Structure formats: structure tokens, C-alpha cells
2 protein chains.
Amino acid sequence: MKKLEIPSPKKSMLCCGIMTGTSVDGIDIAIVRFTDEENKHEQEVLAFECYPFLEETISAIESAIKNKSTTKDISWLNFHLSEIYTRAFKKICKHHSIDTNDVYLIGVHGQTVWHETNGESSSTLQLCNLSALAKKTNCLVVGDFRSGDVALGGEGAPLVPIYDSAFLRDIERDVIALNIGGIANITYLSKFDYKNIVAFDTGAGNTWIDLTSRKYFNKKYDKNGEIARRGKIDDELLAQLKEIEFIHKLPPKSTGRELFSEEYLNNNIGDCAGEDLISTLTEFTAWSIAENIKMISATDSIIYASGGGVENSYLMERLRNYLSEAEFRDINSLGINPDAKEAICFAYLGFRTLRGLDSNIPSVSGASKSTILGTIALP
Amino acid sequence: MKKLEIPSPKKSMLCCGIMTGTSVDGIDIAIVRFTDEENKHEQEVLAFECYPFLEETISAIESAIKNKSTTKDISWLNFHLSEIYTRAFKKICKHHSIDTNDVYLIGVHGQTVWHETNGESSSTLQLCNLSALAKKTNCLVVGDFRSGDVALGGEGAPLVPIYDSAFLRDIERDVIALNIGGIANITYLSKFDYKNIVAFDTGAGNTWIDLTSRKYFNKKYDKNGEIARRGKIDDELLAQLKEIEFIHKLPPKSTGRELFSEEYLNNNIGDCAGEDLISTLTEFTAWSIAENIKMISATDSIIYASGGGVENSYLMERLRNYLSEAEFRDINSLGINPDAKEAICFAYLGFRTLRGLDSNIPSVSGASKSTILGTIALP
């Protein structure tokens, strides 16, 4: 009698991770070898690339996120993303001389276009048709990692903490893994308590800075924080932003571009514009991250920062200024390219699913129980 | 070393099938026992129910189908359907004293809100978050059956032929399985050629009749064709409808409410209205089904009709009139409730996925190869 054969995971295997975030800057894709070593997982990153989106893709994603897409647009984008992820997968394999047949699975985040956790009407929508990606790449695909947690009453976020816990812990000091993407989030790993993981979104990451750079300077982001450096902080606006309730909320909490939206900004910036606005938003972003770290009394931790925001040296300067007791360490020292971290994480989440391991953390997400995340599509 | 355990299928097992079609009339749900008998599958239907949708659900689905929903609406509906399918699953199990833990899997069609097969920009979108359905029912879920075929260049439809071929063949006569849902489709099973399956959509099923019944008579459908019987056919409109190109296209072909839309009707009916319009649309529907059966020279087949349209006795009369050589048999004689057929089919497709069996038929769908359909979500 025939049964479905999902190839058994081996002790060591290649996994691909694909991430596209709320910054809509491109496709982060990584090929990682994960190895089981006596219940400890080890990783070796073989390849990482960030392939830019085409303008057509960016505008379709932006439209979806702004709630301006209709059924047809979303159906199209869902399949379009499968197609461009497929191209990215083939391209990275070719570039790094990796045989696509040697890749055991693709763990794909998909493109978040909606995420609302609000009791009865909670929902999350990550686009990329998994079955299409599997058929086109001829590879096992695991995706839709957030929905299972949301269905169990959780926030569906953050998902990186289980990865941080596996690969970033320190036995001598508390560790904070800080990711500055469109939205910023942290994982706090206590040196004492291996089981307790605290993780949450802190608020805006690059989203408002990028948005404003595009609007006033036609630049995708503020390279090295050069624009912010030239500007002058608008104290009144900064004080007003500091009042945003989300920043002061105790964890667990998560947010998205629904709150940190263009609309919110347009309604609240008053006369502030150009480099002054970018300077003020950069200051606010650094402050809000620091404020959240202070809230959990973790100011003397080792901080591994990752995500696009790390490239903004001015933002990082301001952050160091707010957190003078912390030790900022380069995540590269652990063999992890900070830009690649989220892509690696989704490869790891796919790996965990095929290992039958739970990946959500109820104390972090608020879900009623821990569960195996992800949906599986067959080649 | 741990690995993901998907429970092995047994020789005989309970599967649940859930179908909601383009008629948006409710949730068809069936519990079926499938048994492997020396490479032949057998079925025993234990339960079938049709639970009506709430008005809130109907209007959300209608809006999505009409391309009037935005990102947020679709994200909500995707999760909302998981929730109401969960309730339907628990309700049918309770009603028929079936332990939900004894159900091996749920095969779910999901709600089609978009389906466009058009080369490069092909996409299909069936709503119902599979992971949420799996977590809420605590049952293995298989769904999104159309996307894999679409990704391989196919029409993603029809999917029922593999079911018809397994359960409806006759060794002495050709068989036509006719399903009259919102859209009508047929499967032609030659008595000579077990491997060759011809199947395709014939055009409008109940969609235009239902739409017009609602509009002029505030009735969800034309019960027993009573309204159509009273009306007078508008010969000019009928002649015009007969020109619709899709009807005359050779198979493989598939269609949806994008073509057989309210908009099309509004733009083409001229002055025809009320019972005359319903009469004309009923005649057109019967004619177009018959015309397609004539096209494949299958007028002397056994015809097993199923789907909501079977309840419309006037429509069936008109169809018999057009196909006087055919033998119409009651599908009930095979132990299949005609209303339940599609729900049973999706239980069967889920069963096939977990058996590792391909379910699409490239000669029918136009896909480049046969493949295992469906995406798997874990409880």
C-alpha cells in the first residue's frame, strides 16, 4: 500500500531560507547546512544573497500592504512571488555551484501583506503560493509559519527567538539579539534561564526612515545615516512620537506597518520635513529600541544587532549613546552575516518543521501552546 | 534524531471533505471511509451535511469574488473560513457520533475567490488558512489542490475526474459524470480506454439562474425550476448567449465567474427580465451542457448528474430533451448523494495526497506533468 514519502531528514543537510520583509527592499536568500550534534543544532552558512525586487514587484507589494490591492492583485502577487523566489533559488544555487537537488528544503517566510492580532478577528497573510514554489523548484517547501501560532491565539510573532536561542546564547552573560528591519525586534536570552525566552517587537525599525528618504530624497534608505546626521531634531515632534502607546506596552507585543504607517506619519509630522524629519525619526527609532531594552532591565547585555538598520551607522551611534552599559558585538564573529540572519532563520524553521520540532514560544507569542509551525508543499 | 511524524495511512480510514463552491450557498461537508482493495479504492459515505453560510460570510465571499475585497478583507476571510469550517467539522462529527480523533485527515477545497489561467500571469486563490484549520480541528489538513497544477501550466481544473475515474466507470458503456454547480463540468469515461479521461467545464451551471432569482424574486435559487417554467424564452437573447465563445471551445478548458459574471449579464440581457430571463438562462444552461456533450460525440452515454442543478427539475427536463439518446442514471444508486459528490471528492483528493498518488490529469488540465496535489498542514 503506497504512502506519501517525505524524504527523511539526515544528520546534516542543506536548507534554503527565503525572507522578504516589510521594508520591501529585496529577496534575502541563504543556503545553510544544519547539523544535529547530540541535540544541539549547528549551522554553516554556505551562501547568502540579496536580490533586488523589480519595480513592478515593489509597487504590487506596497499596494497590498497599504490595503489598496484587490482579490485579483493578491492572487497574482501570490503566484508572482513563487515565480521570483524560484528564480532567486536557482540563481543563488548556480552562483555558488550548489546542485539544487542537494537542497533538502526551502523554508520561506513569504511576503507579509497583512498581520492583525486582535482576538476573534485575528489574521495574518504571507503571500507566496507554497505549492507553486515547490513544483517550480522541484524542492520540498515549508512556509506560512505564522498562521499556526495566530490560530492558537498567539501574535504569530516574533519567530526568530527559537533561532536566537539555538545559536546565540552565552553562558556568561545575558544576550540581546536585536533585529532592525522595517520593524525592530529583540530576543532576550538570560544566562541563567535557558528555558525562558523573552522576545518582542520594539516598534519602528527602518520603515519610517526609508519612507521619508524615498519621499524627500528619492533614496531607498538613508545610507550610513548621512541625511539624518545633517538634520536637526524637532524636539516637539520627537516628544510627541515618544508618546506612542505601543513603545511603552509590556511584552509580549508585536506590531507592523499598520501602526507604523505612512498615514500615521503624514497625520502627525506637522511642518517637520526633509533632513530634519529623517533626523528626528532616526532619533525616535534609536530611543524606542533603547527604551524597550531598559524596560526589561537588560541594559548590560551583549547585543548582537542585525537587519538592514545595522548599516545605518548614525542610527547605531545614537543607539549606543542610549545604551552605554551594553556590549555591542559583531554577529559576524559567530559566522552569521547580520543581513542574512532572517533568511537563515527561515531555513532553520523549515528544518525544525521537518524534524517535528515545535518552533513557537507561547510565553513570547501568547499562543495557548507550543506547536509545529509551517505548512508543507511537495515537489 | 527526531523527524516529523505524519501518521501512516491505514488500509481503511475516515476522511473528511469540505467544499464551498462558486454558488456561495453553504458548506458541503462529508465524512467518508476510504479503503484500499487491491489497488482499487472503495468508499463508504458515513455522513453528509450542508450547513448554510451566515449572511456576513456570504457577503464577504461575494465581495472577494467580485474583486471588491482588499488585502485586509481577504486576510480576514482566509482565517474566518478556517473558523467556520472548524465549526462545521465539529458539528457533523457530533451529529453523527463520530469521534473527531478518528478522522485521519480533512481534505478542503477552500473558497475560490480568483482563478485565472492565462500563461505568465496565471494564478488561483482558494481561501481557508490550512494551518489554522489544522490547529483548530487538531486534524491533519490537506488543501490548496489547484495551485500545483496551475504552477505546472495547467488550468488547475477540473479536479473531480480522478474521483469519477476511480468510482464511476462502467465496463459496458461510456459514462459521463456531469456536475452542475455554479459552473457546470463533465468527465467523460470511455468504456474502452481506462487511461484516457476527458473532462472540462461546459460553461454556466446555476450561477446566472441563482443570480437572477435573487435579483428579481429574492430567492437564493429557482426551486424545481418553477420560475423558469412560467417564463417565456427570449429567442434573441438565447441566440446571443449561444455565441459565447467559451461554449464552442474544444477541451481542455475551464472557466469561472470571471466570465459568467453578473457584469456580463447586465451588459447583455437588454430588456429581458424576471421569469422570462430565468427561463432563457435555464434554456441556455441546458443547451450549453448538451452542446458540449455533442462536441465529444458522447450523446449515448450513461449520465450521472450531480451538483445543485440536479434539484432544478425543469433544467434537467430541458437537458434530457437535448440529449434524448443518453441514459440518465441516479448517482444515488452508487451510494453517492449527488449533493455530496464534490465534498466527497475533496476528502478523496486528501486521501490520495497522503497515499503519495498524483491527482491531476495532464490531458485534462493541460499541466506539463502529473503531480501530487495539495499542501499539508499539521495539527
# chains A, B, ... in the order shown; residues from 1 in each chain; ligands from 1

$ select_by_dssp --residues "region 140-198 of chain A" --states "strand (DSSP E or B)" --output "PyMOL selection string"
chain A and resi 140-143+175-180+183-189+197-198

$ write_last_selection --atoms "all heavy atoms" --output "short mmCIF file (atom, residue, chain, number, x, y, z; two decimals), in the first residue's frame"
data_model
loop_
_atom_site.label_atom_id
_atom_site.label_comp_id
_atom_site.auth_asym_id
_atom_site.auth_seq_id
_atom_site.Cartn_x
_atom_site.Cartn_y
_atom_site.Cartn_z
N LEU A 140 11.15 20.39 -1.74
CA LEU A 140 10.21 20.44 -0.63
C LEU A 140 10.16 21.86 -0.08
O LEU A 140 11.21 22.49 0.10
CB LEU A 140 10.73 19.48 0.44
CG LEU A 140 9.84 19.00 1.56
CD1 LEU A 140 8.65 18.22 1.01
CD2 LEU A 140 10.66 18.09 2.50
N VAL A 141 8.96 22.38 0.19
CA VAL A 141 8.83 23.76 0.68
C VAL A 141 8.07 23.77 2.01
O VAL A 141 7.08 23.05 2.15
CB VAL A 141 8.11 24.65 -0.35
CG1 VAL A 141 7.71 26.00 0.24
CG2 VAL A 141 8.99 24.88 -1.59
N VAL A 142 8.56 24.53 2.95
CA VAL A 142 7.81 24.76 4.19
C VAL A 142 7.61 26.27 4.32
O VAL A 142 8.56 27.04 4.16
CB VAL A 142 8.55 24.22 5.43
CG1 VAL A 142 7.63 24.26 6.65
CG2 VAL A 142 9.05 22.80 5.20
N GLY A 143 6.39 26.68 4.58
CA GLY A 143 6.11 28.12 4.70
C GLY A 143 4.90 28.37 5.57
O GLY A 143 4.44 27.47 6.27
N VAL A 175 22.20 37.92 26.78
CA VAL A 175 22.35 38.29 25.38
C VAL A 175 21.06 38.92 24.86
O VAL A 175 19.97 38.46 25.20
CB VAL A 175 22.69 37.04 24.52
CG1 VAL A 175 22.58 37.35 23.03
CG2 VAL A 175 24.08 36.51 24.86
N ILE A 176 21.23 39.97 24.08
CA ILE A 176 20.08 40.51 23.35
C ILE A 176 20.37 40.40 21.85
O ILE A 176 21.42 40.86 21.39
CB ILE A 176 19.78 41.97 23.73
CG1 ILE A 176 19.03 41.97 25.07
CG2 ILE A 176 18.93 42.67 22.66
CD1 ILE A 176 18.60 43.32 25.55
N ALA A 177 19.48 39.74 21.16
CA ALA A 177 19.56 39.72 19.69
C ALA A 177 18.60 40.78 19.21
O ALA A 177 17.40 40.70 19.45
CB ALA A 177 19.17 38.35 19.16
N LEU A 178 19.16 41.80 18.56
CA LEU A 178 18.36 42.92 18.09
C LEU A 178 18.31 42.88 16.57
O LEU A 178 19.35 42.80 15.92
CB LEU A 178 19.01 44.23 18.56
CG LEU A 178 18.56 45.53 17.85
CD1 LEU A 178 17.10 45.84 18.15
CD2 LEU A 178 19.46 46.70 18.28
N ASN A 179 17.10 42.88 16.04
CA ASN A 179 16.98 42.93 14.59
C ASN A 179 16.28 44.22 14.18
O ASN A 179 15.16 44.49 14.62
CB ASN A 179 16.18 41.72 14.08
CG ASN A 179 16.07 41.75 12.56
OD1 ASN A 179 17.06 41.62 11.85
ND2 ASN A 179 14.86 41.97 12.08
N ILE A 180 16.97 45.00 13.36
CA ILE A 180 16.36 46.25 12.90
C ILE A 180 15.99 46.10 11.42
O ILE A 180 16.79 46.35 10.53
CB ILE A 180 17.30 47.46 13.10
CG1 ILE A 180 17.87 47.45 14.53
CG2 ILE A 180 16.55 48.76 12.83
CD1 ILE A 180 18.89 48.55 14.80
N ILE A 183 10.42 46.88 10.96
CA ILE A 183 10.06 46.96 12.37
C ILE A 183 11.26 46.41 13.14
O ILE A 183 11.97 45.55 12.64
CB ILE A 183 8.80 46.09 12.63
CG1 ILE A 183 7.59 46.61 11.83
CG2 ILE A 183 8.47 45.98 14.12
CD1 ILE A 183 7.10 47.99 12.22
N ALA A 184 11.52 46.92 14.35
CA ALA A 184 12.65 46.40 15.15
C ALA A 184 12.13 45.42 16.20
O ALA A 184 11.03 45.60 16.73
CB ALA A 184 13.39 47.54 15.82
N ASN A 185 12.90 44.37 16.45
CA ASN A 185 12.50 43.43 17.50
C ASN A 185 13.72 42.90 18.23
O ASN A 185 14.83 42.94 17.71
CB ASN A 185 11.67 42.29 16.91
CG ASN A 185 12.44 41.50 15.87
OD1 ASN A 185 13.42 40.83 16.18
ND2 ASN A 185 12.02 41.60 14.63
N ILE A 186 13.49 42.43 19.46
CA ILE A 186 14.60 41.88 20.23
C ILE A 186 14.24 40.52 20.83
O ILE A 186 13.08 40.21 21.07
CB ILE A 186 15.04 42.82 21.39
CG1 ILE A 186 13.91 43.01 22.40
CG2 ILE A 186 15.52 44.14 20.86
CD1 ILE A 186 14.36 43.83 23.60
N THR A 187 15.28 39.71 21.02
CA THR A 187 15.16 38.48 21.80
C THR A 187 16.11 38.63 22.98
O THR A 187 17.28 38.99 22.79
CB THR A 187 15.60 37.25 20.99
OG1 THR A 187 14.83 37.18 19.80
CG2 THR A 187 15.41 35.97 21.79
N TYR A 188 15.61 38.37 24.17
CA TYR A 188 16.44 38.46 25.37
C TYR A 188 16.69 37.05 25.88
O TYR A 188 15.75 36.30 26.18
CB TYR A 188 15.73 39.30 26.43
CG TYR A 188 16.39 39.28 27.79
CD1 TYR A 188 17.68 39.80 27.97
CD2 TYR A 188 15.73 38.75 28.90
CE1 TYR A 188 18.30 39.78 29.21
CE2 TYR A 188 16.34 38.74 30.15
CZ TYR A 188 17.62 39.25 30.30
OH TYR A 188 18.23 39.22 31.53
N LEU A 189 17.98 36.68 25.95
CA LEU A 189 18.35 35.33 26.38
C LEU A 189 19.13 35.43 27.68
O LEU A 189 20.30 35.83 27.70
CB LEU A 189 19.22 34.66 25.30
CG LEU A 189 18.60 34.59 23.89
CD1 LEU A 189 19.68 34.29 22.85
CD2 LEU A 189 17.52 33.52 23.86
N ILE A 197 12.52 32.51 27.33
CA ILE A 197 12.92 33.40 26.24
C ILE A 197 11.93 34.56 26.18
O ILE A 197 10.73 34.35 26.11
CB ILE A 197 12.91 32.65 24.90
CG1 ILE A 197 13.83 31.43 24.96
CG2 ILE A 197 13.30 33.57 23.76
CD1 ILE A 197 13.73 30.53 23.74
N VAL A 198 12.47 35.78 26.27
CA VAL A 198 11.61 36.96 26.16
C VAL A 198 11.91 37.61 24.80
O VAL A 198 13.08 37.84 24.47
CB VAL A 198 11.91 37.96 27.30
CG1 VAL A 198 11.10 39.24 27.10
CG2 VAL A 198 11.61 37.33 28.65
#

$ residues_around --residues "Ile65 (chain A)" --least-positions-apart "4" --cutoff "7 Å" --atoms "only C-alpha atoms" --output "list in words"
Ile61, Val113 and Trp114 of chain A

$ write_last_selection --atoms "C-alpha atoms" --output "PDB file, in the first residue's frame"
ATOM      1  CA  ILE A  61       3.703  44.645  -2.527  1.00  0.00           C
ATOM      2  CA  VAL A 113       0.817  41.939   3.458  1.00  0.00           C
ATOM      3  CA  TRP A 114      -1.468  41.830   6.488  1.00  0.00           C
TER       4      TRP A 114
END

$ residues_around --residues "Asn129 (chain A)" --least-positions-apart "2" --cutoff "12 Å" --atoms "only C-alpha atoms" --output "MDAnalysis selection string"
(chainID A and resid 74:86 108:111 125:127 131:136 141:144 375:378) or (chainID B and resid 122:127 144:148 150:151 374:375)

$ residues_around --residues "Ile372 (chain B)" --least-positions-apart "3" --cutoff "7 Å" --atoms "only C-alpha atoms" --output "PyMOL selection string"
chain B and resi 353+356-359

$ write_last_selection --atoms "all heavy atoms" --output "tab-separated table (two decimals), in the first residue's frame"
chain	number	residue	atom	x	y	z
B	353	THR	N	-3.35	12.37	-1.64
B	353	THR	CA	-2.10	13.08	-1.31
B	353	THR	C	-1.32	12.30	-0.26
B	353	THR	O	-0.13	12.07	-0.40
B	353	THR	CB	-2.42	14.50	-0.79
B	353	THR	OG1	-3.17	15.19	-1.78
B	353	THR	CG2	-1.14	15.28	-0.49
B	356	GLY	N	0.46	9.48	-1.46
B	356	GLY	CA	1.53	9.79	-2.41
B	356	GLY	C	1.13	9.57	-3.86
B	356	GLY	O	1.97	9.30	-4.71
B	357	LEU	N	-0.17	9.70	-4.15
B	357	LEU	CA	-0.66	9.48	-5.51
B	357	LEU	C	-0.89	10.79	-6.25
B	357	LEU	O	-1.44	11.73	-5.68
B	357	LEU	CB	-1.98	8.70	-5.47
B	357	LEU	CG	-1.92	7.29	-4.85
B	357	LEU	CD1	-3.35	6.75	-4.65
B	357	LEU	CD2	-1.10	6.35	-5.72
B	358	ASP	N	-0.49	10.84	-7.50
B	358	ASP	CA	-0.78	12.01	-8.33
B	358	ASP	C	-2.29	12.13	-8.51
B	358	ASP	O	-3.00	11.12	-8.58
B	358	ASP	CB	-0.16	11.83	-9.72
B	358	ASP	CG	1.37	11.85	-9.67
B	358	ASP	OD1	1.92	12.16	-8.59
B	358	ASP	OD2	1.99	11.53	-10.70
B	359	SER	N	-2.79	13.36	-8.62
B	359	SER	CA	-4.23	13.54	-8.77
B	359	SER	C	-4.65	14.38	-9.96
B	359	SER	O	-5.82	14.38	-10.34
B	359	SER	CB	-4.83	14.16	-7.49
B	359	SER	OG	-4.79	13.24	-6.43

$ closest_atom_pairs --of "region 184-260 of chain B" --to "region 16-38 of chain B" --cutoff "12 Å" --atoms "only C-alpha atoms" --output "CSV"
residue,atom,partner,partner_atom,distance
B:Ala184,CA,B:Thr22,CA,10.8
B:Ala204,CA,B:Thr22,CA,10.9
B:Gly205,CA,B:Ser23,CA,9.2
B:Asn206,CA,B:Ser23,CA,7.3
B:Thr207,CA,B:Ser23,CA,6.1
B:Trp208,CA,B:Ser23,CA,9.6
B:Ile209,CA,B:Ser23,CA,10.3
B:Asp210,CA,B:Ser23,CA,7.8
B:Leu211,CA,B:Ser23,CA,9.0
B:Arg214,CA,B:Ser23,CA,11.9
B:Lys219,CA,B:Asp25,CA,11.8
B:Lys220,CA,B:Asp25,CA,8.1
B:Tyr221,CA,B:Asp25,CA,9.5
B:Thr255,CA,B:Thr22,CA,11.2
B:Gly256,CA,B:Thr22,CA,8.0
B:Arg257,CA,B:Thr22,CA,7.3
B:Glu258,CA,B:Thr22,CA,10.6
B:Phe260,CA,B:Thr22,CA,10.9

$ residues_around --residues "Glu283 (chain B)" --least-positions-apart "6" --cutoff "9 Å" --atoms "only C-alpha atoms" --output "list of chain:residue names"
B:Ala228, B:Ile233, B:Leu238, B:Leu315, B:Arg318, B:Leu319

$ write_last_selection --atoms "N, CA and C atoms" --output "PDB file, in the first residue's frame"
ATOM      1  N   ALA B 228     -38.650  29.434 -13.961  1.00  0.00           N
ATOM      2  CA  ALA B 228     -38.285  29.251 -15.372  1.00  0.00           C
ATOM      3  C   ALA B 228     -39.450  28.670 -16.169  1.00  0.00           C
ATOM      4  N   ILE B 233     -39.149  32.036 -23.255  1.00  0.00           N
ATOM      5  CA  ILE B 233     -37.776  32.206 -23.717  1.00  0.00           C
ATOM      6  C   ILE B 233     -37.658  33.406 -24.651  1.00  0.00           C
ATOM      7  N   LEU B 238     -31.301  34.351 -26.251  1.00  0.00           N
ATOM      8  CA  LEU B 238     -30.780  32.983 -26.269  1.00  0.00           C
ATOM      9  C   LEU B 238     -29.771  32.806 -27.411  1.00  0.00           C
ATOM     10  N   LEU B 315     -34.658  22.378 -15.367  1.00  0.00           N
ATOM     11  CA  LEU B 315     -33.355  22.371 -16.043  1.00  0.00           C
ATOM     12  C   LEU B 315     -33.034  20.959 -16.526  1.00  0.00           C
ATOM     13  N   ARG B 318     -35.128  20.000 -19.554  1.00  0.00           N
ATOM     14  CA  ARG B 318     -34.625  20.629 -20.781  1.00  0.00           C
ATOM     15  C   ARG B 318     -33.365  19.913 -21.274  1.00  0.00           C
ATOM     16  N   LEU B 319     -32.549  19.490 -20.299  1.00  0.00           N
ATOM     17  CA  LEU B 319     -31.317  18.790 -20.647  1.00  0.00           C
ATOM     18  C   LEU B 319     -31.636  17.440 -21.294  1.00  0.00           C
TER      19      LEU B 319
END

$ atom_distance --atom1 "CA of Thr212 (chain B)" --atom2 "CA of Pro338 (chain B)"
23.9 Å

$ residues_around --residues "Gly274 (chain B)" --least-positions-apart "2" --cutoff "9 Å" --atoms "only C-alpha atoms" --output "compact mmCIF listing (two decimals) with N, CA and C atoms, in the first residue's frame"
# COMPACT_ATOMS: atom_id res chain seq x y z
N THR B 212 -30.09 35.67 -10.90
CA THR B 212 -31.30 36.33 -11.39
C THR B 212 -32.48 36.05 -10.46
N SER B 213 -32.52 34.84 -9.87
CA SER B 213 -33.58 34.52 -8.90
C SER B 213 -33.48 35.45 -7.70
N LYS B 215 -32.06 38.43 -7.69
CA LYS B 215 -32.30 39.81 -8.09
C LYS B 215 -33.79 40.12 -8.27
N TYR B 216 -34.50 39.24 -8.96
CA TYR B 216 -35.90 39.56 -9.29
C TYR B 216 -36.90 38.98 -8.30
N PHE B 217 -36.53 37.87 -7.63
CA PHE B 217 -37.52 37.19 -6.79
C PHE B 217 -37.06 37.02 -5.34
N ILE B 227 -39.88 29.04 -11.47
CA ILE B 227 -39.94 30.36 -12.12
C ILE B 227 -39.68 30.20 -13.62
N GLY B 231 -41.85 31.27 -17.30
CA GLY B 231 -41.35 32.31 -18.21
C GLY B 231 -41.41 31.90 -19.67
N CYS B 272 -34.76 41.98 -21.44
CA CYS B 272 -35.25 40.73 -20.86
C CYS B 272 -35.11 40.77 -19.34
N ASP B 276 -38.97 35.58 -17.57
CA ASP B 276 -38.51 35.33 -18.94
C ASP B 276 -36.98 35.20 -18.99
N LEU B 277 -36.33 36.04 -18.21
CA LEU B 277 -34.87 35.99 -18.17
C LEU B 277 -34.42 34.66 -17.58
N ILE B 278 -35.05 34.25 -16.48
CA ILE B 278 -34.66 32.99 -15.83
C ILE B 278 -34.94 31.81 -16.76
N SER B 279 -36.03 31.88 -17.46
CA SER B 279 -36.37 30.84 -18.42
C SER B 279 -35.31 30.75 -19.52

$ atom_distance --atom1 "CA of Asn337 (chain B)" --atom2 "CA of Asp222 (chain B)"
20.5 Å

$ residues_around --residues "Ser363 (chain B)" --least-positions-apart "4" --cutoff "10 Å" --atoms "only C-alpha atoms" --output "PyMOL selection string"
chain B and resi 154+196-199+251-252+367-370

$ closest_residue --among "B:Phe351, B:Tyr304, B:Tyr51, B:Tyr163" --to "chain A" --atoms "only C-alpha atoms"
B:Phe351

$ closest_residue --among "B:Val364, B:Met295, B:Leu354, B:Leu159" --to "chain A" --atoms "only C-alpha atoms"
B:Leu354

$ closest_residue --among "A:Leu130, A:Ala273, A:Ile58, A:Val45" --to "chain B" --atoms "only C-alpha atoms"
A:Leu130

$ closest_residue --among "A:Met13, A:Ala305, A:Ile92, A:Ile6" --to "chain B" --atoms "only C-alpha atoms"
A:Ile6

$ decode --residues "region 30-106 of chain B" --atoms "C-alpha atoms" --output "PDB file, in the first residue's frame"
ATOM      1  CA  ALA B  30     -18.787  14.785   4.192  1.00  0.00           C
ATOM      2  CA  ILE B  31     -17.177  12.037   6.237  1.00  0.00           C
ATOM      3  CA  VAL B  32     -16.151   9.104   4.086  1.00  0.00           C
ATOM      4  CA  ARG B  33     -14.384   5.834   4.769  1.00  0.00           C
ATOM      5  CA  PHE B  34     -11.895   5.059   2.012  1.00  0.00           C
ATOM      6  CA  THR B  35     -10.487   1.550   1.760  1.00  0.00           C
ATOM      7  CA  ASP B  36      -7.656   0.179  -0.337  1.00  0.00           C
ATOM      8  CA  GLU B  37      -8.738  -3.048  -2.016  1.00  0.00           C
ATOM      9  CA  GLU B  38      -6.000  -4.475  -4.218  1.00  0.00           C
ATOM     10  CA  ASN B  39      -5.242  -1.194  -5.923  1.00  0.00           C
ATOM     11  CA  LYS B  40      -8.898  -0.311  -6.181  1.00  0.00           C
ATOM     12  CA  HIS B  41     -10.237   2.312  -3.833  1.00  0.00           C
ATOM     13  CA  GLU B  42     -13.621   1.837  -2.199  1.00  0.00           C
ATOM     14  CA  GLN B  43     -15.742   4.440  -0.475  1.00  0.00           C
ATOM     15  CA  GLU B  44     -18.463   4.446   2.115  1.00  0.00           C
ATOM     16  CA  VAL B  45     -20.117   7.775   2.885  1.00  0.00           C
ATOM     17  CA  LEU B  46     -20.850   7.941   6.627  1.00  0.00           C
ATOM     18  CA  ALA B  47     -22.178  11.468   6.816  1.00  0.00           C
ATOM     19  CA  PHE B  48     -23.028  14.435   4.664  1.00  0.00           C
ATOM     20  CA  GLU B  49     -24.383  17.824   5.637  1.00  0.00           C
ATOM     21  CA  CYS B  50     -24.764  21.196   4.019  1.00  0.00           C
ATOM     22  CA  TYR B  51     -24.510  23.977   6.562  1.00  0.00           C
ATOM     23  CA  PRO B  52     -25.711  27.369   5.357  1.00  0.00           C
ATOM     24  CA  PHE B  53     -23.334  30.315   5.469  1.00  0.00           C
ATOM     25  CA  LEU B  54     -24.099  33.299   7.648  1.00  0.00           C
ATOM     26  CA  GLU B  55     -25.011  36.448   5.716  1.00  0.00           C
ATOM     27  CA  GLU B  56     -21.735  38.027   6.869  1.00  0.00           C
ATOM     28  CA  THR B  57     -19.804  35.202   5.231  1.00  0.00           C
ATOM     29  CA  ILE B  58     -21.803  35.292   2.015  1.00  0.00           C
ATOM     30  CA  SER B  59     -21.274  38.995   1.532  1.00  0.00           C
ATOM     31  CA  ALA B  60     -17.543  38.710   2.264  1.00  0.00           C
ATOM     32  CA  ILE B  61     -17.170  35.904  -0.286  1.00  0.00           C
ATOM     33  CA  GLU B  62     -19.281  37.674  -2.900  1.00  0.00           C
ATOM     34  CA  SER B  63     -17.216  40.805  -2.450  1.00  0.00           C
ATOM     35  CA  ALA B  64     -13.965  38.845  -2.858  1.00  0.00           C
ATOM     36  CA  ILE B  65     -15.219  37.098  -5.999  1.00  0.00           C
ATOM     37  CA  LYS B  66     -16.304  40.420  -7.474  1.00  0.00           C
ATOM     38  CA  ASN B  67     -12.771  41.740  -6.965  1.00  0.00           C
ATOM     39  CA  LYS B  68     -14.055  44.282  -4.476  1.00  0.00           C
ATOM     40  CA  SER B  69     -12.171  42.980  -1.434  1.00  0.00           C
ATOM     41  CA  THR B  70      -8.936  44.497  -0.248  1.00  0.00           C
ATOM     42  CA  THR B  71      -5.936  42.925   1.456  1.00  0.00           C
ATOM     43  CA  LYS B  72      -7.470  43.203   4.908  1.00  0.00           C
ATOM     44  CA  ASP B  73     -10.789  41.648   3.838  1.00  0.00           C
ATOM     45  CA  ILE B  74      -9.026  38.719   2.208  1.00  0.00           C
ATOM     46  CA  SER B  75      -6.744  38.133   5.176  1.00  0.00           C
ATOM     47  CA  TRP B  76      -9.813  38.145   7.430  1.00  0.00           C
ATOM     48  CA  LEU B  77     -11.862  35.864   5.182  1.00  0.00           C
ATOM     49  CA  ASN B  78      -8.953  33.414   4.912  1.00  0.00           C
ATOM     50  CA  PHE B  79      -8.992  32.949   8.685  1.00  0.00           C
ATOM     51  CA  HIS B  80     -12.762  33.280   9.045  1.00  0.00           C
ATOM     52  CA  LEU B  81     -13.266  30.325   6.697  1.00  0.00           C
ATOM     53  CA  SER B  82     -10.868  28.208   8.793  1.00  0.00           C
ATOM     54  CA  GLU B  83     -13.022  29.049  11.784  1.00  0.00           C
ATOM     55  CA  ILE B  84     -16.380  28.238  10.202  1.00  0.00           C
ATOM     56  CA  TYR B  85     -15.029  25.072   8.548  1.00  0.00           C
ATOM     57  CA  THR B  86     -13.807  24.049  12.013  1.00  0.00           C
ATOM     58  CA  ARG B  87     -17.294  24.550  13.432  1.00  0.00           C
ATOM     59  CA  ALA B  88     -18.788  22.555  10.552  1.00  0.00           C
ATOM     60  CA  PHE B  89     -16.303  19.719  11.169  1.00  0.00           C
ATOM     61  CA  LYS B  90     -17.099  19.541  14.861  1.00  0.00           C
ATOM     62  CA  LYS B  91     -20.829  19.779  14.189  1.00  0.00           C
ATOM     63  CA  ILE B  92     -21.011  16.969  11.638  1.00  0.00           C
ATOM     64  CA  CYS B  93     -18.888  14.692  13.841  1.00  0.00           C
ATOM     65  CA  LYS B  94     -21.080  15.376  16.838  1.00  0.00           C
ATOM     66  CA  HIS B  95     -24.303  14.959  14.877  1.00  0.00           C
ATOM     67  CA  HIS B  96     -23.220  11.572  13.509  1.00  0.00           C
ATOM     68  CA  SER B  97     -21.455  10.394  16.685  1.00  0.00           C
ATOM     69  CA  ILE B  98     -18.061  10.281  15.019  1.00  0.00           C
ATOM     70  CA  ASP B  99     -15.053  10.885  17.261  1.00  0.00           C
ATOM     71  CA  THR B 100     -13.057  13.751  15.683  1.00  0.00           C
ATOM     72  CA  ASN B 101      -9.890  11.879  16.683  1.00  0.00           C
ATOM     73  CA  ASP B 102     -10.898   9.000  14.412  1.00  0.00           C
ATOM     74  CA  VAL B 103     -10.789  11.274  11.367  1.00  0.00           C
ATOM     75  CA  TYR B 104      -7.404  10.841   9.711  1.00  0.00           C
ATOM     76  CA  LEU B 105      -7.479  13.958   7.556  1.00  0.00           C
ATOM     77  CA  ILE B 106      -9.561  16.846   6.281  1.00  0.00           C
TER      78      ILE B 106
END
